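Chemist: work_2.txt is reproduced in full below (compact mmCIF, C-alpha atoms).
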```txt
# COMPACT_ATOMS: atom_id res chain seq x y z
CA MET E 1 -142.36 134.30 -144.14
CA VAL E 2 -145.97 133.74 -145.10
CA ASP E 3 -146.61 135.69 -148.31
CA LEU E 4 -149.03 138.39 -147.25
CA GLY E 5 -148.24 140.83 -150.00
CA ILE E 6 -146.08 143.00 -147.74
CA PRO E 7 -142.74 144.03 -149.33
CA GLN E 8 -139.79 142.14 -147.91
CA VAL E 9 -136.57 143.87 -146.91
CA PRO E 10 -133.78 142.81 -149.34
CA LEU E 11 -130.92 140.78 -147.93
CA THR E 12 -127.76 142.76 -147.29
CA LEU E 13 -125.30 139.94 -146.49
CA GLY E 14 -122.33 139.55 -148.79
CA PRO E 15 -121.98 136.60 -151.18
CA ARG E 16 -120.99 133.25 -149.71
CA ARG E 17 -117.32 132.32 -149.92
CA VAL E 18 -116.68 129.75 -152.64
CA SER E 19 -115.49 126.48 -151.13
CA ARG E 20 -115.22 122.80 -151.86
CA GLN E 21 -118.20 120.64 -151.00
CA LEU E 22 -118.20 117.64 -148.69
CA LYS E 23 -120.84 115.03 -148.09
CA LEU E 24 -121.24 113.77 -144.54
CA GLY E 25 -122.86 110.36 -144.74
CA HIS E 26 -123.90 108.03 -147.52
CA ASP E 27 -127.68 107.64 -147.12
CA ASP E 28 -130.75 109.83 -146.77
CA ARG E 29 -129.34 111.28 -143.55
CA ALA E 30 -126.36 112.78 -145.39
CA VAL E 31 -125.65 116.52 -145.06
CA LEU E 32 -123.78 118.59 -147.64
CA VAL E 33 -121.20 121.02 -146.31
CA GLY E 34 -119.68 123.89 -148.30
CA GLY E 35 -119.91 124.48 -152.02
CA GLY E 36 -123.04 126.58 -151.70
CA ALA E 37 -124.89 124.20 -149.37
CA PRO E 38 -126.88 125.87 -146.57
CA VAL E 39 -124.93 126.60 -143.39
CA SER E 40 -125.57 123.70 -141.03
CA VAL E 41 -125.88 123.60 -137.24
CA GLN E 42 -123.81 121.20 -135.16
CA SER E 43 -123.58 120.31 -131.50
CA MET E 44 -121.81 117.71 -129.38
CA THR E 45 -123.14 115.14 -126.94
CA THR E 46 -122.19 115.41 -123.29
CA THR E 47 -122.85 111.76 -122.47
CA VAL E 48 -120.23 109.08 -122.13
CA THR E 49 -120.24 107.73 -125.67
CA ALA E 50 -119.88 104.16 -124.43
CA ASP E 51 -123.34 104.57 -122.86
CA VAL E 52 -125.10 103.92 -126.15
CA ASN E 53 -128.65 104.43 -124.93
CA ALA E 54 -127.91 107.74 -123.20
CA THR E 55 -125.96 108.99 -126.20
CA LEU E 56 -128.68 108.05 -128.68
CA GLN E 57 -131.28 109.68 -126.44
CA GLN E 58 -129.33 112.93 -126.43
CA ILE E 59 -128.86 112.73 -130.19
CA ALA E 60 -132.64 112.32 -130.53
CA GLU E 61 -133.14 115.46 -128.42
CA LEU E 62 -130.66 117.34 -130.57
CA THR E 63 -132.38 116.17 -133.73
CA ALA E 64 -135.74 117.36 -132.40
CA SER E 65 -134.22 120.77 -131.64
CA GLY E 66 -133.11 121.17 -135.27
CA CYS E 67 -129.46 120.11 -134.99
CA GLN E 68 -128.19 118.66 -138.27
CA ILE E 69 -124.81 117.15 -137.36
CA VAL E 70 -123.64 115.71 -134.04
CA ARG E 71 -120.16 115.08 -132.68
CA VAL E 72 -119.38 112.42 -130.08
CA ALA E 73 -116.23 112.15 -127.98
CA VAL E 74 -114.07 109.03 -128.34
CA PRO E 75 -111.45 109.12 -125.57
CA SER E 76 -111.46 105.37 -124.81
CA ALA E 77 -111.66 101.93 -126.38
CA ASP E 78 -115.15 101.48 -124.92
CA ASP E 79 -116.28 104.63 -126.69
CA ALA E 80 -114.78 103.42 -129.96
CA GLU E 81 -116.60 100.10 -129.61
CA ALA E 82 -119.91 101.95 -129.24
CA LEU E 83 -119.51 103.91 -132.48
CA PRO E 84 -120.96 101.35 -134.94
CA GLN E 85 -124.29 101.18 -133.11
CA ILE E 86 -124.47 104.94 -132.58
CA ALA E 87 -123.58 105.73 -136.20
CA ARG E 88 -126.16 103.25 -137.45
CA LYS E 89 -129.05 104.38 -135.21
CA SER E 90 -128.48 108.15 -135.10
CA GLN E 91 -131.02 110.19 -137.07
CA ILE E 92 -128.32 112.66 -138.13
CA PRO E 93 -124.69 112.27 -139.29
CA VAL E 94 -122.25 111.40 -136.50
CA ILE E 95 -118.74 112.85 -136.33
CA ALA E 96 -116.23 111.05 -134.12
CA ASP E 97 -114.07 113.41 -132.07
CA ILE E 98 -110.57 111.97 -131.71
CA HIS E 99 -107.79 113.11 -129.38
CA PHE E 100 -104.52 111.53 -128.25
CA GLN E 101 -104.90 108.11 -129.92
CA PRO E 102 -104.73 107.88 -133.75
CA ARG E 103 -105.98 104.27 -133.67
CA TYR E 104 -109.44 105.56 -132.82
CA VAL E 105 -109.51 107.42 -136.14
CA PHE E 106 -109.44 104.07 -137.93
CA ALA E 107 -112.05 102.67 -135.55
CA ALA E 108 -114.38 105.59 -136.32
CA ILE E 109 -113.96 105.13 -140.07
CA ASP E 110 -114.63 101.39 -139.78
CA ALA E 111 -117.67 102.12 -137.58
CA GLY E 112 -119.40 104.04 -140.37
CA CYS E 113 -119.14 107.52 -138.88
CA ALA E 114 -120.02 110.29 -141.32
CA ALA E 115 -116.77 112.15 -140.59
CA VAL E 116 -113.88 112.26 -138.16
CA ARG E 117 -112.54 115.29 -136.30
CA VAL E 118 -108.88 115.16 -135.38
CA ASN E 119 -106.98 117.58 -133.17
CA PRO E 120 -103.41 117.62 -134.50
CA GLY E 121 -102.16 119.46 -131.44
CA ASN E 122 -102.61 116.56 -129.07
CA ILE E 123 -102.46 113.35 -131.11
CA LYS E 124 -99.11 111.69 -130.56
CA GLU E 125 -97.16 111.01 -133.73
CA PHE E 126 -100.15 112.22 -135.74
CA ASP E 127 -98.07 113.44 -138.68
CA ASP E 128 -96.57 109.96 -139.12
CA LYS E 129 -100.07 108.46 -139.40
CA VAL E 130 -101.43 110.83 -142.04
CA ALA E 131 -100.71 108.53 -144.98
CA GLU E 132 -102.62 105.65 -143.38
CA ILE E 133 -105.48 107.89 -142.26
CA ALA E 134 -105.77 109.48 -145.70
CA LYS E 135 -105.98 106.10 -147.40
CA ALA E 136 -108.55 104.71 -144.97
CA ALA E 137 -110.69 107.86 -145.17
CA ALA E 138 -110.48 108.00 -148.97
CA ASP E 139 -111.44 104.33 -149.32
CA ALA E 140 -114.47 104.83 -147.06
CA GLN E 141 -115.31 108.32 -148.43
CA VAL E 142 -115.18 109.79 -144.94
CA PRO E 143 -114.22 113.49 -144.65
CA ILE E 144 -111.75 114.65 -142.02
CA ARG E 145 -112.06 117.83 -139.98
CA ILE E 146 -108.79 119.41 -138.93
CA GLY E 147 -109.87 120.90 -135.62
CA VAL E 148 -107.32 123.36 -134.27
CA ASN E 149 -108.00 124.75 -130.79
CA ALA E 150 -106.22 127.55 -128.97
CA GLY E 151 -106.15 125.47 -125.79
CA SER E 152 -104.36 122.51 -127.37
CA LEU E 153 -102.16 124.09 -130.01
CA ASP E 154 -98.99 122.24 -131.00
CA LYS E 155 -96.19 123.21 -128.62
CA ARG E 156 -93.88 123.92 -131.53
CA LEU E 157 -96.23 126.60 -132.81
CA LEU E 158 -96.73 128.05 -129.35
CA ALA E 159 -92.96 128.39 -129.06
CA LYS E 160 -92.73 130.03 -132.47
CA HIS E 161 -95.60 132.51 -132.09
CA GLY E 162 -95.53 133.02 -128.33
CA SER E 163 -99.27 132.32 -127.92
CA ALA E 164 -102.30 131.04 -129.82
CA THR E 165 -102.38 133.96 -132.26
CA PRO E 166 -104.49 133.96 -135.43
CA ASP E 167 -101.35 133.24 -137.46
CA ALA E 168 -100.46 130.31 -135.21
CA LEU E 169 -103.93 128.77 -135.53
CA VAL E 170 -103.97 129.14 -139.30
CA GLU E 171 -100.43 127.82 -139.68
CA SER E 172 -101.35 124.71 -137.70
CA ALA E 173 -104.45 124.03 -139.81
CA LEU E 174 -102.78 124.59 -143.17
CA TRP E 175 -99.75 122.52 -142.22
CA GLU E 176 -101.92 119.52 -141.39
CA CYS E 177 -103.94 120.03 -144.58
CA SER E 178 -100.71 120.00 -146.58
CA LEU E 179 -99.79 116.61 -145.12
CA PHE E 180 -103.10 115.17 -146.34
CA GLU E 181 -102.70 116.88 -149.69
CA GLU E 182 -99.34 115.15 -150.17
CA HIS E 183 -101.30 111.89 -150.23
CA GLY E 184 -104.00 113.18 -152.58
CA PHE E 185 -106.64 113.58 -149.87
CA GLN E 186 -108.64 116.82 -149.90
CA ASP E 187 -111.97 115.91 -148.32
CA LEU E 188 -111.13 118.24 -145.47
CA LYS E 189 -113.00 120.71 -143.32
CA ILE E 190 -111.16 123.10 -141.00
CA SER E 191 -111.83 124.90 -137.74
CA VAL E 192 -109.53 127.31 -135.88
CA LYS E 193 -111.26 127.99 -132.59
CA HIS E 194 -110.38 130.50 -129.90
CA HIS E 195 -112.25 131.69 -126.81
CA ASP E 196 -111.77 135.34 -127.81
CA PRO E 197 -114.17 136.36 -130.61
CA VAL E 198 -111.75 138.98 -131.95
CA VAL E 199 -108.89 136.49 -132.28
CA MET E 200 -111.27 133.89 -133.68
CA VAL E 201 -112.65 136.25 -136.35
CA SER E 202 -109.16 137.26 -137.40
CA ALA E 203 -108.05 133.63 -137.68
CA TYR E 204 -111.01 132.63 -139.84
CA ARG E 205 -110.56 135.62 -142.12
CA LYS E 206 -106.94 134.63 -142.70
CA LEU E 207 -107.90 131.00 -143.21
CA ALA E 208 -110.69 131.86 -145.64
CA ALA E 209 -108.26 133.85 -147.76
CA ALA E 210 -105.65 131.09 -147.76
CA CYS E 211 -107.67 128.03 -148.84
CA ASP E 212 -110.95 126.86 -150.34
CA TYR E 213 -111.79 124.17 -147.79
CA PRO E 214 -115.17 124.43 -146.04
CA LEU E 215 -114.92 126.02 -142.61
CA HIS E 216 -116.58 125.06 -139.32
CA LEU E 217 -117.09 128.10 -137.09
CA GLY E 218 -116.81 128.04 -133.34
CA VAL E 219 -115.88 130.21 -130.39
CA THR E 220 -114.42 127.54 -128.17
CA GLU E 221 -115.13 127.54 -124.43
CA ALA E 222 -117.50 130.46 -125.00
CA GLY E 223 -118.86 130.20 -121.45
CA PRO E 224 -122.25 129.99 -119.72
CA PHE E 225 -125.46 130.40 -121.69
CA PHE E 226 -125.74 134.21 -121.75
CA GLN E 227 -122.07 135.01 -122.26
CA GLY E 228 -121.54 132.20 -124.73
CA THR E 229 -124.56 133.19 -126.78
CA VAL E 230 -123.36 136.79 -127.02
CA LYS E 231 -119.77 135.86 -127.94
CA SER E 232 -120.86 133.30 -130.53
CA SER E 233 -123.52 135.55 -132.04
CA VAL E 234 -121.08 138.43 -132.44
CA ALA E 235 -118.33 136.31 -134.00
CA PHE E 236 -120.62 134.30 -136.26
CA GLY E 237 -122.52 137.40 -137.31
CA VAL E 238 -119.33 139.12 -138.46
CA LEU E 239 -118.02 136.12 -140.39
CA LEU E 240 -121.30 134.94 -141.88
CA ALA E 241 -122.06 138.47 -143.04
CA GLU E 242 -118.77 138.26 -144.95
CA GLY E 243 -119.77 134.92 -146.46
CA ILE E 244 -117.36 132.94 -144.28
CA GLY E 245 -118.57 129.74 -142.62
CA ASP E 246 -120.20 126.50 -143.74
CA THR E 247 -121.14 124.90 -140.41
CA ILE E 248 -121.42 126.36 -136.91
CA ARG E 249 -121.38 125.15 -133.34
CA VAL E 250 -122.35 127.39 -130.43
CA SER E 251 -120.22 126.10 -127.55
CA LEU E 252 -122.12 126.70 -124.30
CA SER E 253 -121.90 125.47 -120.74
CA ALA E 254 -125.49 124.39 -121.19
CA PRO E 255 -127.46 121.39 -122.50
CA PRO E 256 -126.54 120.56 -126.12
CA ALA E 257 -130.07 121.19 -127.39
CA GLU E 258 -129.74 124.78 -126.22
CA GLU E 259 -126.60 125.12 -128.36
CA ALA E 260 -128.54 123.98 -131.41
CA LYS E 261 -131.43 126.34 -130.72
CA VAL E 262 -129.09 129.32 -130.44
CA GLY E 263 -127.29 128.31 -133.62
CA ILE E 264 -130.55 128.04 -135.51
CA ALA E 265 -131.69 131.43 -134.20
CA ILE E 266 -128.42 133.01 -135.37
CA LEU E 267 -128.86 131.64 -138.89
CA GLU E 268 -132.52 132.67 -139.00
CA SER E 269 -131.70 136.22 -137.88
CA LEU E 270 -129.17 136.52 -140.72
CA GLY E 271 -131.54 135.15 -143.33
CA LEU E 272 -129.38 132.04 -143.79
CA ARG E 273 -132.14 129.71 -142.67
CA GLN E 274 -135.85 130.12 -143.23
CA ARG E 275 -137.42 131.80 -140.25
CA ARG E 276 -140.11 130.05 -138.33
CA LEU E 277 -141.95 131.95 -135.63
CA GLU E 278 -140.48 135.41 -135.05
CA ILE E 279 -141.75 137.65 -132.29
CA VAL E 280 -141.19 141.38 -132.79
CA SER E 281 -141.74 143.09 -129.46
CA CYS E 282 -140.75 146.44 -127.99
CA PRO E 283 -138.44 146.74 -124.99
CA SER E 284 -141.09 148.82 -123.23
CA CYS E 285 -140.64 152.35 -121.89
CA GLY E 286 -142.53 155.04 -120.03
CA ARG E 287 -144.99 155.32 -122.94
CA ALA E 288 -146.17 151.71 -122.62
CA GLN E 289 -149.69 151.33 -121.30
CA VAL E 290 -149.66 147.53 -121.11
CA ASP E 291 -147.28 144.93 -119.67
CA VAL E 292 -145.34 144.24 -122.87
CA TYR E 293 -143.08 141.68 -121.21
CA LYS E 294 -146.01 139.56 -120.10
CA LEU E 295 -147.79 139.89 -123.46
CA ALA E 296 -144.69 138.86 -125.41
CA GLU E 297 -143.99 135.89 -123.13
CA GLU E 298 -147.59 134.65 -123.32
CA VAL E 299 -147.76 134.99 -127.09
CA THR E 300 -144.41 133.22 -127.48
CA ALA E 301 -145.56 130.36 -125.24
CA GLY E 302 -148.90 130.14 -126.96
CA LEU E 303 -147.32 129.83 -130.40
CA ASP E 304 -144.48 127.50 -129.41
CA GLY E 305 -144.24 124.74 -132.00
CA LEU E 306 -145.63 126.77 -134.90
CA GLU E 307 -143.90 125.51 -138.04
CA VAL E 308 -145.10 128.22 -140.42
CA PRO E 309 -142.68 131.15 -140.90
CA LEU E 310 -144.71 133.87 -139.21
CA ARG E 311 -143.69 137.29 -137.91
CA VAL E 312 -145.84 138.45 -134.99
CA ALA E 313 -145.47 141.98 -133.58
CA VAL E 314 -146.38 142.59 -129.93
CA MET E 315 -146.19 146.32 -129.35
CA GLY E 316 -147.02 148.45 -126.32
CA CYS E 317 -147.65 152.03 -127.45
CA VAL E 318 -148.92 154.20 -130.28
CA VAL E 319 -145.52 155.56 -131.37
CA ASN E 320 -143.94 152.55 -133.09
CA GLY E 321 -146.69 150.05 -132.38
CA PRO E 322 -148.99 150.58 -135.39
CA GLY E 323 -146.09 150.69 -137.85
CA GLU E 324 -144.45 147.51 -136.57
CA ALA E 325 -147.78 145.71 -136.32
CA ARG E 326 -148.65 146.75 -139.87
CA GLU E 327 -145.34 145.47 -141.28
CA ALA E 328 -145.60 142.08 -139.55
CA ASP E 329 -147.72 139.18 -140.75
CA LEU E 330 -149.77 139.56 -137.60
CA GLY E 331 -149.53 142.12 -134.84
CA VAL E 332 -151.05 144.15 -132.06
CA ALA E 333 -150.62 147.79 -131.10
CA SER E 334 -151.68 148.10 -127.47
CA GLY E 335 -152.76 151.01 -125.28
CA ASN E 336 -155.55 152.36 -123.09
CA GLY E 337 -156.62 148.86 -122.04
CA LYS E 338 -157.16 147.55 -125.57
CA GLY E 339 -155.29 146.35 -128.61
CA GLN E 340 -155.66 146.91 -132.34
CA ILE E 341 -155.11 143.62 -134.17
CA PHE E 342 -153.39 143.84 -137.56
CA VAL E 343 -153.49 141.05 -140.17
CA LYS E 344 -151.92 141.43 -143.61
CA GLY E 345 -151.09 145.03 -142.79
CA LYS E 346 -154.65 146.04 -141.97
CA ILE E 347 -156.60 146.52 -138.76
CA VAL E 348 -159.11 143.69 -138.48
CA LYS E 349 -160.44 144.26 -134.97
CA THR E 350 -159.94 145.98 -131.65
CA VAL E 351 -160.09 143.82 -128.52
CA PRO E 352 -159.82 144.37 -124.75
CA GLU E 353 -156.35 143.89 -123.28
CA SER E 354 -157.50 140.66 -121.64
CA LYS E 355 -158.28 139.18 -125.09
CA ILE E 356 -155.08 140.18 -126.93
CA VAL E 357 -153.16 136.95 -126.43
CA GLU E 358 -156.13 134.74 -127.22
CA THR E 359 -156.93 136.73 -130.36
CA LEU E 360 -153.35 136.68 -131.65
CA ILE E 361 -153.13 132.92 -131.17
CA ASP E 362 -156.43 132.38 -132.98
CA GLU E 363 -155.35 134.57 -135.89
CA ALA E 364 -151.93 132.89 -136.06
CA MET E 365 -153.54 129.46 -136.23
CA ARG E 366 -155.84 130.64 -138.99
CA LEU E 367 -152.91 132.00 -141.01
CA ALA E 368 -150.97 128.79 -140.43
CA GLU E 369 -153.89 126.70 -141.67
CA GLU E 370 -154.21 128.88 -144.77
CA ALA E 371 -150.50 128.54 -145.48
CA GLY E 372 -150.74 124.76 -145.11
CA GLU E 373 -153.68 124.59 -147.51
CA GLU E 374 -151.70 126.62 -150.06
CA GLY E 375 -148.84 124.13 -149.84
CA GLU E 376 -146.36 126.52 -148.26
CA THR E 377 -145.70 124.08 -145.44
CA GLY E 378 -147.01 120.92 -143.87
CA LYS E 379 -149.91 120.95 -141.44
CA PRO E 380 -148.86 123.32 -138.69
CA VAL E 381 -148.27 122.11 -135.20
CA VAL E 382 -149.38 124.68 -132.65
CA VAL E 383 -149.03 124.15 -128.93
CA THR E 384 -151.17 126.55 -126.94
CA ALA E 385 -150.51 127.36 -123.32
```
How would this structure read if it were set down as structure tokens?

Modeler:
Amino acid sequence: MVDLGIPQVPLTLGPRRVSRQLKLGHDDRAVLVGGGAPVSVQSMTTTVTADVNATLQQIAELTASGCQIVRVAVPSADDAEALPQIARKSQIPVIADIHFQPRYVFAAIDAGCAAVRVNPGNIKEFDDKVAEIAKAAADAQVPIRIGVNAGSLDKRLLAKHGSATPDALVESALWECSLFEEHGFQDLKISVKHHDPVVMVSAYRKLAAACDYPLHLGVTEAGPFFQGTVKSSVAFGVLLAEGIGDTIRVSLSAPPAEEAKVGIAILESLGLRQRRLEIVSCPSCGRAQVDVYKLAEEVTAGLDGLEVPLRVAVMGCVVNGPGEAREADLGVASGNGKGQIFVKGKIVKTVPESKIVETLIDEAMRLAEEAGEEGETGKPVVVTA
């Protein structure tokens, strides 16, 4: 947040789990995972990977949304042939997602992908190929993600456990890790995804206690935007608050950029990523004397694109309004057709209701410019509506 001299609430999250550190990529696009590195946000393209232009366009959209790592599906030879160009031109590290055919793992490594995700549950004769994969990955310094999914768990484990239980998911992941370890390869990242947040949380807790590999969090097949956001937020919030998790992907039946935006918002809300614009607004009630919904929407739209970490309070009554507005970097307490504007915890002016949005935007831009001059951030980009 912009330093306005207002005391900040201390963080209450537990310490991060100690894990190994991986490096995805070998140039200035590289992202560190685990070992104390910031939790990163991933997503996955929905294009046919063989359509290079469409895939790169979607990766550019993801990059613009704040996504840090992207995964692309490689179900065919045409997709594998497209990997070198995609890996070279992508602005962020590319992970190749491999199912069914182990030969595509080698193609992804040769293509210069930053990492490879393998699903041991549905790659034929995968265990017999581990020695070759470990050698190729080690020579190229390409990490491997062991991606276990409830929907494609090894049939042997399903028979043993009866269903995709937390123990079954963890056993699958650790078994595959042990095969790589036999060949001296430990540049591994693990995920144990399930569509049920409760099962997923339990599996990751067990996994975190059993190894020190970095963990990629995900509630798989989480559902449409609203449901998927809720399920992912709940599961990630529990685990991240316990220090578990090094990368996240919010799996939504929605455009990939929306996944990244939700993931970023989750990390910002937990203090694991520096907040940008944050709107504090009341849910409204019978005490409200202004249309809080409209005010909040207009202020949010007017400040879209603001790069400075700024907390703006948009409040609709005199009960909590003054207190919240005073504690924010910038705020308004509204009522009786007017609004008191607070900056740096003090009332600076009172304006008619019709001028509230305009005044807040003007004050936000002024604060952003001051922050930029003080070197707290680059020149702010503010899009007014």

Chemist: Smallest atom-to-atom distance to Asp97 of chain E: which of E:Asp79, E:Glu307, E:Asp329, E:Glu369, using all atoms listed in the file?

Modeler: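 The shortest atom-to-atom distance to Asp97 of chain E comes from E:Asp79.
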
Chemist: Just how far from atom CA of Val39 of chain E is atom CA of Arg273 of chain E, in Å to one decimal?

Modeler: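 Distance between the two atoms: 7.9 Å.
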
Chemist: Please, what distance in Å, to one decimal, runs between atom CA of Gln274 of chain E and atom CA of Val292 of chain E?

Modeler: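 Calculated distance between atom CA of Gln274 of chain E and atom CA of Val292 of chain E is 26.5 Å.
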
Chemist: State, in Å with one decimal place, the distance from atom CA of Met315 of chain E to atom CA of Arg275 of chain E.

Modeler: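 That distance, rounded to one decimal, is 20.2 Å.
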
Chemist: Which is closer to Ala368 of chain E than all the others in E:Leu310, E:Asp167, E:Val290, E:Ala114, using all atoms listed in the file?

Modeler: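 Closest candidate: E:Leu310.
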
Chemist: Using only C-alpha atoms, which residue out of E:Ile266, E:Leu24, E:Leu306, E:Val18 lies closest to Ala208 of chain E?

Modeler: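 Of the candidates, the smallest distance to Ala208 of chain E is held by E:Val18.
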
Chemist: Tell me which of E:Val318, E:Ala265, E:Val201, E:Val70 sits closest to Leu239 of chain E, counting only C-alpha atoms.

Modeler: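 Checking each of E:Val318, E:Ala265, E:Val201, E:Val70 against Leu239 of chain E, counting only C-alpha atoms, the winner is E:Val201.
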
Chemist: Would you give me, as JSON lines, each residue of segment 67-95 of chain E having an atom within 9 Å of an atom of segment 110-113 of chain E, along with its shortest atom pair and that distance in Å to one decimal, using only C-alpha atoms and sorting by chain and residue number?

Modeler:
```
{"residue": "E:Ala80", "atom": "CA", "partner": "E:Ala111", "partner_atom": "CA", "distance": 8.3}
{"residue": "E:Glu81", "atom": "CA", "partner": "E:Ala111", "partner_atom": "CA", "distance": 8.3}
{"residue": "E:Ala82", "atom": "CA", "partner": "E:Ala111", "partner_atom": "CA", "distance": 8.6}
{"residue": "E:Leu83", "atom": "CA", "partner": "E:Ala111", "partner_atom": "CA", "distance": 5.7}
{"residue": "E:Pro84", "atom": "CA", "partner": "E:Ala111", "partner_atom": "CA", "distance": 4.3}
{"residue": "E:Gln85", "atom": "CA", "partner": "E:Ala111", "partner_atom": "CA", "distance": 8.0}
{"residue": "E:Ile86", "atom": "CA", "partner": "E:Cys113", "partner_atom": "CA", "distance": 8.6}
{"residue": "E:Ala87", "atom": "CA", "partner": "E:Cys113", "partner_atom": "CA", "distance": 5.5}
{"residue": "E:Arg88", "atom": "CA", "partner": "E:Gly112", "partner_atom": "CA", "distance": 7.4}
{"residue": "E:Pro93", "atom": "CA", "partner": "E:Cys113", "partner_atom": "CA", "distance": 7.3}
{"residue": "E:Val94", "atom": "CA", "partner": "E:Cys113", "partner_atom": "CA", "distance": 5.5}
{"residue": "E:Ile95", "atom": "CA", "partner": "E:Cys113", "partner_atom": "CA", "distance": 5.9}
```

Chemist: Residues within 12 Å of segment 162-164 of chain E, please, as an MDAnalysis selection string. Count all atoms listed in the file; anything in the same chain fewer than 3 positions from it doesn't count.

Modeler: chainID E and resid 121 148:159 167:172 192:196 199:200 202:203

Chemist: Can you tell me, as a ChimeraX atom specification, what residues are no more than 9 Å from Gln141 of chain E when counting only C-alpha atoms, ignoring any on the same chain fewer than 3 positions away?

Modeler: /E:23-26,114-115,136-138,187

Chemist: What's the 10 Å shell around Ser40 of chain E, counting all atoms listed in the file, without same-chain residues fewer than 2 positions away, as a list in words?

Modeler: Val31, Leu32, Val33, Gly34, Ala37, Pro38, Gln42, Gly66, Cys67, Gln68, Ile69, His216, Gly245, Asp246, Thr247, Ile248, Arg249, Gly263, Ile264, Leu267, Leu272 and Arg273 of chain E

Chemist: Give me, as a ChimeraX atom specification, all polymer residues having an atom no more than 7 Å from Pro75 of chain E, counting all atoms listed in the file and skipping those fewer than 2 positions away in the same chain.

Modeler: /E:73,79,98-99

Chemist: Around the point (-115.5, 132.8, -147.3), in the coordinates given by the file, pick out the residues reaching within 12 Å, counting only C-alpha atoms, and return them as a ChimeraX atom specification.

Modeler: /E:14-20,34-36,39,201,204-217,238-247

Chemist: Name the closest residue to Lys189 of chain E among the candidates E:Ser284, E:Thr359, E:Gln21, E:Ser76; distances are taken between atoms, counting only C-alpha atoms.

Modeler: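 Smallest distance to Lys189 of chain E is found for E:Gln21.
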
Chemist: Looking at E:Ala108, E:Ala235, E:Ala131, E:Ile341, which one is nearest to Gly218 of chain E, with distances taken over only C-alpha atoms?

Modeler: E:Ala235
